[in-house]
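Notes to accompany the following structure.
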2 protein chains.
Amino acid sequence: MSLVESPRRERGTRQRRRERSERSSLAGPAYLTRRIPTYALLQEEELQRIEAAADRILAEIGMDIRGDAEALELFRRAGAQIEGERIRFEPGLVQELCRSAPRQFRQHARNPTRSVEIGGEHIVLAPAYGSPFVHDREAGRRYGTLGDFENFVKLAYLSPELHHSGGTVCEPVDVAVNKRHLDMVYAHLRWSDKALMGSVTAPERAEDSIAMCRIVFGDAFVDANCVILGNINVNSPLVYDQTMTRSLRAYAAANQAAVVVPFILGGAMGPVTTAGAIAQAHAETLVGVALTQLQRKGAPVIYGNFLSSMALRSGAPTFGTPEPALGSLVVGQLARRAGLPLRCSGAFTSSKIPDGQAMLESAVSMQAAILCGANFILHSAGWLEGGLAMGYEKFVMDADLCGALQVYVQGLPIGDEDLALDAFREVGPGNHFFGCAHTMRHYESAFWDSAIADNNSFEQWRDAGGKAADERAHARWQAMLASYQPPPIDPGIDEALRDFVAKRKAADADRWY
Amino acid sequence: MSLVESPRRERGTRQRRRERSERSSLAGPAYLTRRIPTYALLQEEELQRIEAAADRILAEIGMDIRGDAEALELFRRAGAQIEGERIRFEPGLVQELCRSAPRQFRQHARNPTRSVEIGGEHIVLAPAYGSPFVHDREAGRRYGTLGDFENFVKLAYLSPELHHSGGTVCEPVDVAVNKRHLDMVYAHLRWSDKALMGSVTAPERAEDSIAMCRIVFGDAFVDANCVILGNINVNSPLVYDQTMTRSLRAYAAANQAAVVVPFILGGAMGPVTTAGAIAQAHAETLVGVALTQLQRKGAPVIYGNFLSSMALRSGAPTFGTPEPALGSLVVGQLARRAGLPLRCSGAFTSSKIPDGQAMLESAVSMQAAILCGANFILHSAGWLEGGLAMGYEKFVMDADLCGALQVYVQGLPIGDEDLALDAFREVGPGNHFFGCAHTMRHYESAFWDSAIADNNSFEQWRDAGGKAADERAHARWQAMLASYQPPPIDPGIDEALRDFVAKRKAADADRWY
């Protein structure tokens, strides 16, 4: 169920109002459909130069696939040149192997009205992923726990601006490394009904994640439909390690979608020049996508990317800066040319707290993801400190930006009612539009309404405590959690899930890593 | 002197490095030249619908020009229909009258290396304008004084990210209303050497502003060249009052550039639907532009716009929201079709302090101005509280975003050196790029370097006091002001300016408003 399904020009304000009111309810739109064009930063010839550079990287330098003989064998049989663990491709071969991947697919949520469409003109916004720490303005920064993890699953469930439950919304460090994935997948399946991501930290954990989805959706359904994503990071530069290729193959074999993501900090895992980092990322991503297709032809897969820059004085990673924003715009063009759904990163920042730096950087980064045509935007809410911390206030502040962007991607309707000639006739020069018929027809739905911004007068704001945005955000996430009601679940399925988790934990009771 | 003058593909990293090092000096680039495409939100047919709506507003409803018989007479002679103070135009007439306005012009600064090119692919960033209050995090919010005004002139002078000294950077409320303009124009001319804006609050104050420029530049030069801008607000909806038309005509008669700016808060001074507000703004702007051309054919003029939205629960104006951002994108398309240089607004927010709300809203608004192809972006730095306050910390935080956008508009070079194949050959799979030859050649210039962002580790940041962005910004503007050295000025010119100010104040000594 898309937010906007009718062709652009037919959309009236009444429909917008209905959509707004849906948006403010828990239901919300399942995902977004863009009605604005993507931004074409580079021209055809420039894009071809990048693609040619990626071809030369794959043909001349090659990549390593380490510790996964089966993956090498799949590539060997497909025509790649294998030399030890180094793999090289003649120009065009990788692209040919990627061709069977679907341009668009549906990821099913356990609540069917929450299922998301990934690819094409659709946009799915998901929370941040992978932080060992959490942060809020009262308790400060500390290691994340399973309690925090569950809180963020609940907050994403309660946020109509987010369409996906995400994956490792924070690391529950109070649970053993080799058992965490069970609690995480259970939390997503039990405390939300939105679509989710599974574990990739070991192939057997990927298998566990998929097995838990089979309990919920049934074996046959899972074999025929995508119900879980796995986020596969390339060991940039130009290496896939066996944890990643085996997890990737586990998802693909089960007809589930790997998100193939080179993680390139320019100057460290790739060249300092953005064009070179993009060429590298393109080469790396296509190899991972090809492997999914060799594992199972037609398996869904997402073309991912993660570019960041570096503070030149310290070597520290930086986020929300102009170079990765430009990079995202190009990556969007490349993914569309490759005919693959695109994952970009959202509300990036290196700030430790949700201050002006954090929201400025996040806005720059999110806008690039929206303009470049990303279909799945991970890290859309919560990201702090270069991904080391998941912020409670940051989460709801970012979700608010997601709400603004939801309106933005709808574009501007230019119908007669929008052009409002009758309003000008009624009001005339020098008068105001407050009470005119046109305003009365539209004022409830005319403008996006932020849940965080304070638009009051200075005096009203001061008398209400003179609070900064993150103070208001603090109250908001606490109220949201206080209002949380779990979505219904079949008791038999819940029990089966709990059994699965208990048995898998018991079978591995002595190991902690 | 543009930041980037060579054609896009020929730009190498060496040139970028040189540009960066210029940028970090006081000199900086005089203005920017965009190497990225503008963003085409609407299609031809949609734009024609808006233009047709503007035509109908002008033909059927008309506009009022109040208290300025000369302006009405100019329009009457040009073929407009006059009925009392109401003026109507047959479709196409206003556009015809605008045709003599230049597509691009140079505004000269008293330091010729600071002169700016307005129009075409060029971008000039100017400080915020018009706030009665100022704010900083220690002294809080209070009325602006001439001392504050001078401080902001100095900060803009010291900010290589800003290319223009602006106009009423804050209201010096400690100076009588009818004498303020003299001190303001003197401050711009004396404490900066960047281009400036003059008074528009009365036609004689506009004349004074221009007269002071004649002292600096000479009568003949001023008659032949643009040296000052005047920001003319339409009394939206559909009214020009005599203060504005007479000031506009004063600038145009002197061959100086009016910036014609409808100020439309949707639902109040225009319809709540953005398309209608844009059609209205287009009609209003073209009438003002046409008046400049009737006053003096070929006079420089800027197509301005100022769209804002409204908080539906309170009626308060909102800023940095998605609807005006979309609106800016359309206005950019309309201005280009009209062949006129475009003014947009920059770092808008309704926040009272430079917090997460402020910087998020400012980033959304600034990005829209950049993407839409704006040539002159007023309010690029300092804006708080819907324009009621000029913030010291906000000023330097916004200037930092301007620096990021300066890199952004350069786009991505895709030369061989940028694609870095030699770096991949040298480094190979699994190694890092820190010390490779390509990195060493480029690391000094590879990435934009924020003056405000903290990219350090949590521990480093905490041990340095755990400061929010606005705390760092506080230290920065104070250090900037402490380092300020006035630009040189011919003592005879300075004396003549001071004499002019003293005489004009003495002549009007008994009036205070």
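Each chain in the structure tokens gets a letter, A, B, ..., in the order shown, and its residues are numbered from 1; ligands are numbered from 1 in order too.
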Q) Within 6 Å of range 154-166 of chain A, counting only C-alpha atoms, which residues qualify if same-chain residues fewer than 4 places away don't, as a PyMOL selection string? A) chain A and resi 26+28+30-31+124-127+192+194-197+399+402-403
Q) Using only C-alpha atoms, which chain B residues lie at most 6 Å away from chain A, written as a VMD selection string? A) chain B and resid 63 237 to 239 267 to 269 272 to 273 275 to 276 322 350 355 to 357 359 to 360 363 404 408 414 418 to 420 429 to 430 432 to 434 439 446 453 455 469
Q: Using backbone DSSP assignments, extract all strand (DSSP E or B) residues from range 123-368 of chain B; output them as an MDAnalysis selection string.
A: chainID B and resid 123:125 133:136 140:143 164 195:197 226 228:234 239:241 257:266 270 301:304 306:310 317:318 342:345
Q.
I want to know what sits within 8 Å of Val185 in chain B, based on only C-alpha atoms, with residues of the same chain fewer than 5 positions away left out; could you give that as a ChimeraX atom specification?
A. /B:167,196-199,209,212
Let's have the selection written as a PDB file, in the first residue's frame, with N, CA and C atoms.
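As written to disk, part-v6.pdb reads:
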ATOM      1  N   GLY B 167      22.748  43.742   3.827  1.00  0.00           N
ATOM      2  CA  GLY B 167      22.169  45.057   4.052  1.00  0.00           C
ATOM      3  C   GLY B 167      21.900  45.288   5.528  1.00  0.00           C
ATOM      4  N   LEU B 196      27.456  45.539  -1.183  1.00  0.00           N
ATOM      5  CA  LEU B 196      26.472  45.814  -0.127  1.00  0.00           C
ATOM      6  C   LEU B 196      25.082  46.090  -0.667  1.00  0.00           C
ATOM      7  N   MET B 197      24.134  46.159   0.265  1.00  0.00           N
ATOM      8  CA  MET B 197      22.752  46.531  -0.020  1.00  0.00           C
ATOM      9  C   MET B 197      22.445  47.824   0.728  1.00  0.00           C
ATOM     10  N   GLY B 198      21.580  48.661   0.115  1.00  0.00           N
ATOM     11  CA  GLY B 198      21.242  49.941   0.730  1.00  0.00           C
ATOM     12  C   GLY B 198      19.851  49.949   1.332  1.00  0.00           C
ATOM     13  N   SER B 199      19.441  51.111   1.788  1.00  0.00           N
ATOM     14  CA  SER B 199      18.153  51.259   2.475  1.00  0.00           C
ATOM     15  C   SER B 199      17.002  51.305   1.471  1.00  0.00           C
ATOM     16  N   SER B 209      21.628  56.193   0.286  1.00  0.00           N
ATOM     17  CA  SER B 209      22.486  55.012   0.156  1.00  0.00           C
ATOM     18  C   SER B 209      23.283  55.083  -1.139  1.00  0.00           C
ATOM     19  N   MET B 212      26.004  57.801  -1.073  1.00  0.00           N
ATOM     20  CA  MET B 212      27.231  57.400  -0.365  1.00  0.00           C
ATOM     21  C   MET B 212      28.096  56.519  -1.274  1.00  0.00           C
TER      22      MET B 212
END
Q) Using only C-alpha atoms, which of the listed residues (A:Gly67, A:Arg76, A:Asp55, A:Arg498) sits closest to Glu90 in chain A? A)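 Looking only at the distances to Glu90 in chain A, the closest residue turns out to be A:Asp55.
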Q) Which is closest to Thr243 in chain A among A:Ser100, A:Asn255, A:Asn375, A:Thr201, if we use only C-alpha atoms? A)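 Among A:Ser100, A:Asn255, A:Asn375, A:Thr201, it is A:Thr201 that comes nearest to Thr243 in chain A.
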**Q.** Gap from CA of Asn151 in chain A to CA of Trp191 in chain A - Å, one decimal
**A.** 9.2 Å
(Q) Excluding range 501-507 of chain B and its own-chain neighbours fewer than 4 positions away, which residues fall within 8 Å of it when counting only C-alpha atoms? Please give them as a list in words. (A) Lys179, Leu182, Asp183, Tyr186 and Leu497 of chain B
Could you take the residues named above and write them with all heavy atoms, as a short mmCIF file (atom, residue, chain, number, x, y, z; two decimals), in the first residue's frame?
data_model
loop_
_atom_site.label_atom_id
_atom_site.label_comp_id
_atom_site.auth_asym_id
_atom_site.auth_seq_id
_atom_site.Cartn_x
_atom_site.Cartn_y
_atom_site.Cartn_z
N LYS B 179 17.68 57.83 10.64
CA LYS B 179 19.12 58.07 10.48
C LYS B 179 19.93 56.78 10.41
O LYS B 179 21.10 56.77 10.04
CB LYS B 179 19.65 58.93 11.64
CG LYS B 179 19.01 60.30 11.67
CD LYS B 179 19.41 61.12 12.88
CE LYS B 179 18.60 62.42 12.91
NZ LYS B 179 17.17 62.19 13.24
N LEU B 182 22.07 55.71 7.36
CA LEU B 182 23.36 56.36 7.15
C LEU B 182 24.47 55.59 7.85
O LEU B 182 25.53 55.31 7.28
CB LEU B 182 23.29 57.80 7.66
CG LEU B 182 22.23 58.67 6.96
CD1 LEU B 182 21.92 59.92 7.77
CD2 LEU B 182 22.71 59.03 5.54
N ASP B 183 24.19 55.22 9.09
CA ASP B 183 25.21 54.44 9.84
C ASP B 183 25.39 53.05 9.25
O ASP B 183 26.50 52.51 9.26
CB ASP B 183 24.78 54.33 11.31
CG ASP B 183 24.90 55.68 12.04
OD1 ASP B 183 25.73 56.50 11.62
OD2 ASP B 183 24.15 55.88 13.01
N TYR B 186 27.35 53.36 5.97
CA TYR B 186 28.74 53.69 6.31
C TYR B 186 29.47 52.45 6.84
O TYR B 186 30.61 52.18 6.45
CB TYR B 186 28.80 54.82 7.35
CG TYR B 186 30.23 55.11 7.76
CD1 TYR B 186 31.07 55.85 6.93
CD2 TYR B 186 30.76 54.58 8.94
CE1 TYR B 186 32.40 56.09 7.26
CE2 TYR B 186 32.09 54.81 9.28
CZ TYR B 186 32.90 55.55 8.45
OH TYR B 186 34.23 55.76 8.78
N LEU B 497 32.59 60.46 3.44
CA LEU B 497 31.46 59.65 3.90
C LEU B 497 30.98 60.12 5.27
O LEU B 497 29.78 60.29 5.50
CB LEU B 497 31.85 58.17 3.98
CG LEU B 497 31.99 57.41 2.66
CD1 LEU B 497 32.62 56.03 2.90
CD2 LEU B 497 30.63 57.26 1.97
#
Q: Using DSSP on the backbone coordinates, identify all residues within range 354-439 of chain B classified as helix (DSSP H, G or I); present the result as a ChimeraX atom specification.
A: /B:356-371,385-387,392-408,416-419,421-427,437-439
Q. Could you state the separation of CA of Gly147 in chain B and CA of Ser483 in chain B in Å, given to one decimal place?
A.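 Separation of CA of Gly147 in chain B and CA of Ser483 in chain B: 16.4 Å.
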